[in-house]
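Trainee: Okay, handing you the structure first.
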Amino acid sequence: MADDYLILLVDDEPELTAPLSRVLQREGYGVDVAQDGEEGYQLAQVHPYQLLILDWMLPGCSGVEVCRRLRAKGQVTPVLFLTAKDTLDDRVLGLDAGADDYLVKPFELRELLARVRALLRRSASDIPLSTPAAPVTLACDRLTVEDLILEGENQVAYRGDRIIALSEKESQLLAYLMEHAGQLLTHRQILDDLWGKAHQPHSNVLAAQIRLLRRKIEAPHEGTLIHTVYGKGYRFGS
């Protein structure tokens, strides 16, 4: 059973650990999170994890160093690296440090979960290797507009090498905008469709939601996706 598996996720970016932890927990895994390499190293020595998911670059000490130190102590728990480094030399370095698998950012959650299941099946733990991980079904309503990808079911978006955690309302609003990309959507249309005519919020609520969503999906070096049509509404897309 997936409930028998405990995973340690070590990464210093809450915008990544929050959605990943949520998705893994939805699939039935137990998840602990560490914010830096030293904390991850200490936790890995005292808890019976079946899998370690390590970011390459970490405060304190790198994921590579954490893996190397654990292997030197005889720790055989499978290690999956998450990293933006994708050269052959980087892959060799990670594998030489003792990693079992390597996933380059940005990645799809389905691929991550498939690799997690594969590593858990090989895990040197007290759980019999013949015990299969629980089947995963991701009924994700996946939307793509230009370089932005949304997995609404998981409340996660991707842009470039970023994983963007969204609230439920942010996910709903973004999905609505993406489904109507290129169209002028009036304030009234958005409010009616997302909040309903019987539950209209204060007039400033939509503007505030748009502002929060922009902060998440439009980093300073990225192109604008949500365009304001003054006095009318919004249009999504470049």
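We name chains A, B, ... following the order of the structure tokens; residues begin at 1 in each chain, and ligands are numbered from 1 as shown.
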So that I can check the secondary structure, give me every residue of segment 22-234 of chain A assigned helix (DSSP H, G or I) by backbone DSSP, as a tab-separated table (two decimals) with C-alpha atoms, in the first residue's frame.
Mentor:
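Listed below is the output, states_0.tsv:
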chain	number	residue	atom	x	y	z
A	22	ARG	CA	0.24	17.86	-1.78
A	23	VAL	CA	0.33	15.65	-4.86
A	24	LEU	CA	2.37	12.92	-3.16
A	25	GLN	CA	0.07	12.93	-0.16
A	26	ARG	CA	-2.96	12.66	-2.43
A	37	GLY	CA	20.86	20.01	3.02
A	38	GLU	CA	21.95	19.64	6.63
A	39	GLU	CA	18.39	19.22	7.86
A	40	GLY	CA	17.72	16.68	5.14
A	41	TYR	CA	20.88	14.77	5.99
A	42	GLN	CA	19.97	14.58	9.67
A	43	LEU	CA	16.40	13.46	8.99
A	44	ALA	CA	17.57	10.79	6.55
A	45	GLN	CA	19.72	9.24	9.25
A	46	VAL	CA	17.02	8.94	11.91
A	63	GLY	CA	21.93	17.48	-2.63
A	64	VAL	CA	24.94	15.81	-4.21
A	65	GLU	CA	26.88	16.12	-0.96
A	66	VAL	CA	23.91	14.84	1.07
A	67	CYS	CA	23.68	11.79	-1.17
A	68	ARG	CA	27.44	11.20	-1.07
A	69	ARG	CA	27.57	11.39	2.74
A	70	LEU	CA	24.62	9.02	3.15
A	71	ARG	CA	26.14	6.48	0.78
A	72	ALA	CA	29.44	6.69	2.67
A	88	LEU	CA	26.05	14.86	-19.36
A	89	ASP	CA	28.75	15.82	-16.84
A	90	ASP	CA	26.09	16.83	-14.31
A	91	ARG	CA	24.24	13.54	-14.75
A	92	VAL	CA	27.46	11.58	-14.31
A	93	LEU	CA	28.30	13.58	-11.16
A	94	GLY	CA	24.90	12.89	-9.64
A	95	LEU	CA	24.98	9.19	-10.45
A	96	ASP	CA	28.55	8.87	-9.18
A	109	LEU	CA	3.94	15.46	-12.28
A	110	ARG	CA	2.95	12.25	-14.05
A	111	GLU	CA	6.59	11.55	-14.86
A	112	LEU	CA	7.67	12.33	-11.30
A	113	LEU	CA	5.05	9.94	-9.89
A	114	ALA	CA	6.05	7.21	-12.32
A	115	ARG	CA	9.68	7.51	-11.23
A	116	VAL	CA	8.65	7.53	-7.58
A	117	ARG	CA	6.71	4.30	-8.05
A	118	ALA	CA	9.61	2.68	-9.89
A	119	LEU	CA	12.12	3.61	-7.18
A	120	LEU	CA	9.83	2.49	-4.37
A	121	ARG	CA	9.48	-0.90	-6.00
A	152	GLY	CA	-6.07	22.35	-12.65
A	153	GLU	CA	-6.79	19.18	-10.69
A	154	ASN	CA	-3.48	19.55	-8.85
A	168	GLU	CA	-8.29	26.82	-5.66
A	169	LYS	CA	-9.74	30.14	-6.83
A	170	GLU	CA	-6.52	31.12	-8.63
A	171	SER	CA	-6.57	27.78	-10.43
A	172	GLN	CA	-10.21	28.24	-11.43
A	173	LEU	CA	-9.59	31.78	-12.66
A	174	LEU	CA	-6.50	30.81	-14.62
A	175	ALA	CA	-8.29	27.85	-16.21
A	176	TYR	CA	-11.15	30.14	-17.25
A	177	LEU	CA	-8.76	32.67	-18.80
A	178	MET	CA	-6.80	29.96	-20.63
A	179	GLU	CA	-9.96	28.31	-21.95
A	187	HIS	CA	-15.68	41.88	-15.67
A	188	ARG	CA	-19.36	40.91	-15.50
A	189	GLN	CA	-18.80	37.78	-17.61
A	190	ILE	CA	-15.99	36.54	-15.36
A	191	LEU	CA	-17.88	37.29	-12.16
A	192	ASP	CA	-21.05	35.61	-13.39
A	193	ASP	CA	-19.27	32.50	-14.64
A	194	LEU	CA	-16.87	31.99	-11.72
A	195	TRP	CA	-18.83	33.32	-8.75
A	197	LYS	CA	-25.02	35.73	-10.26
A	198	ALA	CA	-26.39	34.93	-6.82
A	199	HIS	CA	-23.04	35.30	-5.05
A	203	SER	CA	-16.19	44.79	-7.24
A	204	ASN	CA	-12.57	44.87	-6.09
A	205	VAL	CA	-12.35	41.10	-5.54
A	206	LEU	CA	-11.78	40.25	-9.20
A	207	ALA	CA	-9.08	42.92	-9.60
A	208	ALA	CA	-7.34	41.61	-6.49
A	209	GLN	CA	-7.49	38.01	-7.76
A	210	ILE	CA	-6.05	39.07	-11.12
A	211	ARG	CA	-3.26	40.97	-9.38
A	212	LEU	CA	-2.32	37.96	-7.24
A	213	LEU	CA	-2.43	35.64	-10.24
A	214	ARG	CA	-0.20	37.96	-12.28
A	215	ARG	CA	2.41	37.96	-9.51
A	216	LYS	CA	2.60	34.20	-9.72
A	217	ILE	CA	2.55	33.53	-13.45
Trainee: I need the residue nearest Val156 of chain A from this list: A:Leu184, A:Glu108, A:Arg235, A:Ala34. Use only C-alpha atoms for the distance.
Mentor: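 Checking each candidate against Val156 of chain A, we get A:Glu108 as the closest.
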Trainee: Using only C-alpha atoms, which of the listed residues (A:Val79, A:Ala84, A:Cys61, A:Leu166) sits closest to Ala97 of chain A?
Mentor: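 Looking only at the distances to Ala97 of chain A, the closest residue turns out to be A:Val79.
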Trainee: Between atom CA of Gly237 of chain A and atom CA of Arg159 of chain A, what is the distance in Å, rounded to a tenth?
Mentor: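 Interatomic distance, atom CA of Gly237 of chain A to atom CA of Arg159 of chain A: 13.4 Å.
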Trainee: With DSSP run on the backbone, what are the strand (DSSP E or B) residues within segment 43-226 of chain A? I'd like them as a ChimeraX atom specification.
Mentor: /A:51-55,79-83,101-104,142-145,148-151,156-159,162-165,184-186,226
Trainee: Find the spatial neighbours of Leu80 of chain A, counting only C-alpha atoms, within a cut-off of 7 Å - ignore same-chain residues fewer than 2 positions away - and output them as a PyMOL selection string.
Mentor: chain A and resi 52-54+78+82+99-102
Trainee: Write the selection just made, keeping C-alpha atoms, as a short mmCIF file (atom, residue, chain, number, x, y, z; two decimals), in the first residue's frame?
Mentor:
data_model
loop_
_atom_site.label_atom_id
_atom_site.label_comp_id
_atom_site.auth_asym_id
_atom_site.auth_seq_id
_atom_site.Cartn_x
_atom_site.Cartn_y
_atom_site.Cartn_z
CA LEU A 52 14.69 10.63 -0.80
CA ILE A 53 13.84 13.37 -3.29
CA LEU A 54 16.70 15.88 -3.26
CA PRO A 78 16.86 5.31 -3.24
CA LEU A 82 15.44 17.22 -9.00
CA ALA A 99 21.74 8.83 -7.02
CA ASP A 100 19.31 6.28 -8.43
CA ASP A 101 17.44 8.59 -10.78
CA TYR A 102 17.54 12.13 -12.09
#
Trainee: By how many Å are atom CA of Lys105 of chain A and atom CA of Ile164 of chain A apart?
Mentor: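 Distance reported for this atom pair: 12.5 Å.
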Trainee: Which residue gives the smallest distance to Leu148 of chain A among A:Leu185, A:Gly231, A:Ser238, A:Gly74, with only C-alpha atoms counted?
Mentor: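 Closest to Leu148 of chain A of all the choices is A:Ser238.
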